Amino acid sequence: MTTAEWILWANCQKGRYDYELSGDDWAKIRAWAARFQTFQFSIAAFAEGAGIVELVYSYKTTKRRGVGITLCAAFAENAELPPLCRNLVMRNFGGLVAYGHYGKGSRWYGYEENLDEACDDLSKRLYRFPLVTSGRLASLDKTLLYCGYSADFTDVCEYVRRYRNNPALEMLGKLGLTTFSDKALTFLAESKQFRKYVFRYAEDIKRCGISGAWVLPAFRKNIDPLSYYTDRLSKVKCEKTWHNIPEAVRTDFPDGTTPLMVQKWLDSATDRNLWSANDYWRACKGLRMSLKNSRVAFPKDFRRAHDEYTRLYSAHKDELVDEGMLETAVHYAELSGVKKSGFVFMVACDTGELIAEGNALGHCVGRMGYNAKQAEGNSLILFARKQDAVGVPFCTIELSLPTLTIKQCYGFHNRLEPEVRKATEYVIQAYKKKHRVPDAA
């Protein structure tokens with residue numbers, strides 16, 4: 001079947017649902033209509049050269065115009081034939097939405113009379129309720145008698161293609177397990193023990209939506225998939241939390257602190273979360289309190305400690321930030337006064353200098369928290385001046401600490417200054433070599 005023949009055949013199926021649907025199917029449609037004003041459902045058909053075909057119809061009901069049903073998409077088992085669609089629009093928050101249920105009276109979008117070629121991933125993006133059973137597929141193609149299809153699999157044609165390549169999918173279809181990869185399917189066909197394992201834990205796998213990518217390693221480790229899945233999710237959550245804590249804070253934690261310990265502390269009470277904890281740790285560092293002390297880093301009465309220290313920090317924030325900026329500037333004072341390629345570099349020492357720099361160059365260094373970044377030891381702000389005009393702001397550089405890598409390098413109104421960047425890289429490399437600062441991973 002050619003693409004033109006496929007389009008012609010599909011366009012002749014606009015009313016096929018009327019004689020394909022049973023009384024039970026119409027009962028399901030009425031139940032869905034009670035919940036949704038507009039929704040899509042699909043039926044199965046067969047076409048020579050296309051194989052099994054999934055026809056998707058959109059159903060809409062309004063008080064004024066009643067029920068409208070229109071064919072909006074068609075998918076073929078033959079992967080060489082393109083997906084077809086008509087009267088579908090992608091909305092930012094609603095996904096794919098169908099229109100044109102009552103003919104050419106569409107107000108916003110151009111009505112399309114016939115199906116035409118669509119994007120390849122349309123089948124995955126178009127949500128619908130399949131009114132397809134394994135019995136219906138078997139009546140269309142006898143080779144699918146034992147395919148085990150269930151409505152848990154939204155994409156009918158994809159299921160049929162996978163079943164023909166790997167009949168072990170029948171077992172998963174009957175169990176309602178929809179998330180197994182081809183690799184897991186192949187192993188399922190080869191291993192009797194794995195089949196028994198999947199059958200034993202099918203309810204847990206289905207209830208939690210655990211994919212074959214999790215079930216297979218759980219089987220190899222000889223533990224139940226739910227425990228393995230929960231443990232892996234916990235580790236992922238711990239790592240995500242750990243990386244959302246500023247590096248300057250993490251490095252000050254007590255020796256031996258692990259992501260799991262931090263996550264357990266956060267989960268141990270309802271009065272704490274990562275946002276409030278970061279706020280607390282920032283205040284502790286601003287007040288020059290050592291996080292090496294576990295009672296300071298992870299207090300039992302977190303709410304009281306948070307409120308007290310953040311209040312103290314807020315009251316003296318400007319002074320403390322300037323003190324922190326100066327402390328960081330003193331640590332990297334060797335970079336001040338360095339000359340290279342006609343430029344001279346200076347380290348920012350207080351908030352006032354950042355504000356003056358930002359106002360002169362028309363960028364955000366003085367008003368986006370860069371003073372706090374330097375005070376906390378996360379960044380270092382450098383000023384680049386021309387050697388013949390040292391008092392005139394020319395370019396601002398932000399270095400990431402402690403690796404001293406360039407994060408930003410902007411001149412007047414965020415203009416790129418490649419010559420300054422090149423000179424800065426040379427100066428930083430010389431400093432890192434002298435002080436044996438490791439490169440970023």
# chains A, B, ... in the order shown; residues from 1 in each chain; ligands from 1

$ residues_around --residues "Asn293 in chain A" --least-positions-apart "2" --cutoff "12 Å" --atoms "only C-alpha atoms" --output "count of residues only"
14

$ select_by_dssp --residues "range 249-441 of chain A" --states "strand (DSSP E or B)" --output "list in words"
Lys339, Lys340, Phe343, Val344, Phe345, Met346, Val347, Ser379, Leu380, Ile381, Leu382, Phe383, Ala384, Arg385, Lys386, Ala389, Cys395, Thr396, Ile397, Glu398, Leu399, Ser400, Thr405, Ile406, Lys407, Gln408, Cys409, Tyr410 and Leu416 of chain A

$ residues_around --residues "Ala34 in chain A" --least-positions-apart "3" --cutoff "12 Å" --atoms "only C-alpha atoms" --output "PDB file with C-alpha atoms, in the first residue's frame"
ATOM      1  CA  ALA A  27     -22.020   2.487  27.611  1.00  0.00           C
ATOM      2  CA  LYS A  28     -18.329   3.269  28.182  1.00  0.00           C
ATOM      3  CA  ILE A  29     -18.560   6.292  25.893  1.00  0.00           C
ATOM      4  CA  ARG A  30     -21.577   7.608  27.801  1.00  0.00           C
ATOM      5  CA  ALA A  31     -19.667   7.175  31.072  1.00  0.00           C
ATOM      6  CA  GLN A  37     -16.940  17.391  27.399  1.00  0.00           C
ATOM      7  CA  THR A  38     -14.403  16.338  24.755  1.00  0.00           C
ATOM      8  CA  PHE A  39     -12.346  13.124  24.595  1.00  0.00           C
ATOM      9  CA  TYR A  59     -16.326  12.871  20.852  1.00  0.00           C
ATOM     10  CA  LYS A  60     -17.834  16.188  21.942  1.00  0.00           C
ATOM     11  CA  THR A  61     -21.155  17.048  23.499  1.00  0.00           C
ATOM     12  CA  THR A  62     -22.721  20.471  24.102  1.00  0.00           C
TER      13      THR A  62
END

$ closest_atom_pairs --of "range 176-257 of chain A" --to "range 159-171 of chain A" --cutoff "10 Å" --atoms "only C-alpha atoms" --output "CSV"
residue,atom,partner,partner_atom,distance
A:Gly176,CA,A:Met171,CA,8.7
A:Leu177,CA,A:Met171,CA,8.7
A:Thr178,CA,A:Leu169,CA,9.2
A:Phe180,CA,A:Leu169,CA,8.8
A:Ser181,CA,A:Arg162,CA,9.9
A:Asp182,CA,A:Arg162,CA,8.0
A:Leu185,CA,A:Ala168,CA,6.5
A:Thr186,CA,A:Asn166,CA,7.0
A:Phe187,CA,A:Ala168,CA,9.4
A:Leu188,CA,A:Ala168,CA,6.7
A:Ala189,CA,A:Ala168,CA,5.4
A:Glu190,CA,A:Ala168,CA,9.2
A:Arg195,CA,A:Met171,CA,8.6
A:Val198,CA,A:Met171,CA,9.5
A:Phe199,CA,A:Met171,CA,8.6

$ residues_around --residues "Leu115 in chain A" --least-positions-apart "4" --cutoff "10 Å" --atoms "only C-alpha atoms" --output "CSV table (one decimal) with C-alpha atoms, in the first residue's frame"
chain,number,residue,atom,x,y,z
A,7,ILE,CA,-4.7,8.3,3.0
A,8,LEU,CA,-7.6,7.4,0.6
A,10,ALA,CA,-8.4,6.2,6.0
A,11,ASN,CA,-10.6,9.0,4.7
A,12,CYS,CA,-13.3,6.5,3.9
A,14,LYS,CA,-15.2,8.5,9.0
A,71,LEU,CA,-12.4,11.0,12.8
A,72,CYS,CA,-9.2,12.8,13.9
A,73,ALA,CA,-6.3,10.4,13.5
A,74,ALA,CA,-5.3,7.0,12.0
A,83,PRO,CA,0.4,8.6,11.0
A,84,LEU,CA,-2.5,10.7,9.7
A,85,CYS,CA,-4.5,13.4,11.4
A,86,ARG,CA,-6.9,16.3,10.9
A,87,ASN,CA,-8.5,19.0,13.0

$ residues_around --residues "Trp275 in chain A" --least-positions-apart "6" --cutoff "12 Å" --atoms "only C-alpha atoms" --output "number ranges by chain"
A: 241, 244-246, 266, 281-282, 306

$ residues_around --residues "Pro402 in chain A" --least-positions-apart "4" --cutoff "10 Å" --atoms "only C-alpha atoms" --output "PyMOL selection string"
chain A and resi 247-248+377-380+437-440

$ residues_around --residues "Gly342 in chain A" --least-positions-apart "4" --cutoff "9 Å" --atoms "only C-alpha atoms" --output "CSV table (one decimal) with N, CA, C and O atoms, in the first residue's frame"
chain,number,residue,atom,x,y,z
A,385,ARG,N,40.0,46.6,34.1
A,385,ARG,CA,40.1,48.0,33.7
A,385,ARG,C,41.2,48.1,32.6
A,385,ARG,O,42.1,47.3,32.6
A,386,LYS,N,41.1,49.1,31.8
A,386,LYS,CA,42.1,49.3,30.8
A,386,LYS,C,43.3,50.0,31.6
A,386,LYS,O,43.0,50.9,32.5
A,387,GLN,N,44.5,49.7,31.3
A,387,GLN,CA,45.6,50.2,32.0
A,387,GLN,C,45.8,51.7,32.0
A,387,GLN,O,46.3,52.4,32.9
A,388,ASP,N,45.3,52.3,30.9
A,388,ASP,CA,45.4,53.7,30.7
A,388,ASP,C,44.1,54.5,31.2
A,388,ASP,O,44.0,55.7,31.1
A,423,ALA,N,42.5,37.2,28.5
A,423,ALA,CA,43.4,37.7,29.4
A,423,ALA,C,43.1,37.1,30.8
A,423,ALA,O,44.0,36.7,31.6

$ closest_residue --among "A:Met368, A:Leu226, A:Ala305, A:Val56" --to "Arg272 in chain A" --atoms "only C-alpha atoms"
A:Ala305

$ closest_residue --among "A:Gln263, A:Thr133, A:Thr70, A:Asn371" --to "Ala44 in chain A" --atoms "only C-alpha atoms"
A:Thr133

$ select_by_dssp --residues "range 242-335 of chain A" --states "alpha helix (DSSP H)" --output "PyMOL selection string"
chain A and resi 242-243+247-250+259-267+274-286+294-297+302-315+317-331

$ write_last_selection --atoms "C-alpha atoms" --output "PDB file, in the first residue's frame"
ATOM      1  CA  TRP A 242      22.561  17.002  48.024  1.00  0.00           C
ATOM      2  CA  HIS A 243      23.238  18.793  44.746  1.00  0.00           C
ATOM      3  CA  GLU A 247      28.801  23.579  47.629  1.00  0.00           C
ATOM      4  CA  ALA A 248      30.132  26.120  50.131  1.00  0.00           C
ATOM      5  CA  VAL A 249      27.646  24.720  52.668  1.00  0.00           C
ATOM      6  CA  ARG A 250      28.257  21.049  51.852  1.00  0.00           C
ATOM      7  CA  PRO A 259      23.370  12.665  51.262  1.00  0.00           C
ATOM      8  CA  LEU A 260      21.320   9.962  53.012  1.00  0.00           C
ATOM      9  CA  MET A 261      22.006  11.480  56.455  1.00  0.00           C
ATOM     10  CA  VAL A 262      20.895  14.927  55.262  1.00  0.00           C
ATOM     11  CA  GLN A 263      17.735  13.517  53.656  1.00  0.00           C
ATOM     12  CA  LYS A 264      16.827  11.555  56.807  1.00  0.00           C
ATOM     13  CA  TRP A 265      17.234  14.715  58.877  1.00  0.00           C
ATOM     14  CA  LEU A 266      15.002  16.669  56.472  1.00  0.00           C
ATOM     15  CA  ASP A 267      12.356  13.925  56.511  1.00  0.00           C
ATOM     16  CA  LEU A 274      15.299  21.934  51.684  1.00  0.00           C
ATOM     17  CA  TRP A 275      14.324  25.561  51.044  1.00  0.00           C
ATOM     18  CA  SER A 276      14.132  26.491  54.744  1.00  0.00           C
ATOM     19  CA  ALA A 277      17.251  24.429  55.522  1.00  0.00           C
ATOM     20  CA  ASN A 278      19.269  26.302  52.874  1.00  0.00           C
ATOM     21  CA  ASP A 279      17.970  29.555  54.334  1.00  0.00           C
ATOM     22  CA  TYR A 280      19.122  28.447  57.796  1.00  0.00           C
ATOM     23  CA  TRP A 281      22.559  27.269  56.648  1.00  0.00           C
ATOM     24  CA  ARG A 282      23.079  30.529  54.764  1.00  0.00           C
ATOM     25  CA  ALA A 283      22.304  32.470  57.922  1.00  0.00           C
ATOM     26  CA  CYS A 284      24.699  30.301  59.957  1.00  0.00           C
ATOM     27  CA  LYS A 285      27.533  30.934  57.513  1.00  0.00           C
ATOM     28  CA  GLY A 286      26.724  34.647  57.462  1.00  0.00           C
ATOM     29  CA  SER A 294      26.495  18.720  64.015  1.00  0.00           C
ATOM     30  CA  ARG A 295      24.248  20.426  66.600  1.00  0.00           C
ATOM     31  CA  VAL A 296      24.535  23.637  64.587  1.00  0.00           C
ATOM     32  CA  ALA A 297      24.266  22.022  61.143  1.00  0.00           C
ATOM     33  CA  PHE A 302      14.983  23.339  63.718  1.00  0.00           C
ATOM     34  CA  ARG A 303      12.113  25.842  63.718  1.00  0.00           C
ATOM     35  CA  ARG A 304      13.415  27.741  66.748  1.00  0.00           C
ATOM     36  CA  ALA A 305      17.017  27.732  65.457  1.00  0.00           C
ATOM     37  CA  HIS A 306      15.898  28.804  61.973  1.00  0.00           C
ATOM     38  CA  ASP A 307      13.799  31.709  63.219  1.00  0.00           C
ATOM     39  CA  GLU A 308      16.452  32.939  65.650  1.00  0.00           C
ATOM     40  CA  TYR A 309      19.470  32.802  63.344  1.00  0.00           C
ATOM     41  CA  THR A 310      17.711  34.130  60.237  1.00  0.00           C
ATOM     42  CA  ARG A 311      16.397  37.054  62.337  1.00  0.00           C
ATOM     43  CA  LEU A 312      19.927  37.834  63.580  1.00  0.00           C
ATOM     44  CA  TYR A 313      21.345  37.478  60.097  1.00  0.00           C
ATOM     45  CA  SER A 314      18.692  39.776  58.589  1.00  0.00           C
ATOM     46  CA  ALA A 315      19.359  42.449  61.213  1.00  0.00           C
ATOM     47  CA  LYS A 317      22.983  41.218  56.865  1.00  0.00           C
ATOM     48  CA  ASP A 318      24.571  44.171  55.067  1.00  0.00           C
ATOM     49  CA  GLU A 319      27.495  44.341  57.478  1.00  0.00           C
ATOM     50  CA  LEU A 320      27.945  40.585  57.524  1.00  0.00           C
ATOM     51  CA  VAL A 321      27.811  40.362  53.714  1.00  0.00           C
ATOM     52  CA  ASP A 322      30.449  43.063  53.353  1.00  0.00           C
ATOM     53  CA  GLU A 323      32.600  41.295  55.939  1.00  0.00           C
ATOM     54  CA  GLY A 324      32.223  38.037  54.016  1.00  0.00           C
ATOM     55  CA  MET A 325      33.035  39.754  50.707  1.00  0.00           C
ATOM     56  CA  LEU A 326      36.144  41.281  52.211  1.00  0.00           C
ATOM     57  CA  GLU A 327      37.220  37.953  53.682  1.00  0.00           C
ATOM     58  CA  THR A 328      36.914  36.265  50.271  1.00  0.00           C
ATOM     59  CA  ALA A 329      38.672  39.208  48.591  1.00  0.00           C
ATOM     60  CA  VAL A 330      41.587  38.995  51.040  1.00  0.00           C
ATOM     61  CA  HIS A 331      41.932  35.279  50.330  1.00  0.00           C
TER      62      HIS A 331
END

$ atom_distance --atom1 "CA of Asp350 in chain A" --atom2 "CA of Lys433 in chain A"
27.5 Å

$ closest_residue --among "A:Ser123, A:Thr230, A:Thr424, A:Thr270" --to "Val215 in chain A" --atoms "only C-alpha atoms"
A:Thr230

$ closest_residue --among "A:Trp214, A:Tyr111, A:Tyr102, A:Phe412" --to "Val89 in chain A" --atoms "only C-alpha atoms"
A:Tyr111

$ closest_residue --among "A:Ser227, A:Ala47, A:Leu335, A:Gly110" --to "Lys434 in chain A" --atoms "only C-alpha atoms"
A:Leu335

$ closest_residue --among "A:Ile381, A:Ala45, A:Ile210, A:Ala118" --to "Ser139 in chain A" --atoms "only C-alpha atoms"
A:Ala45
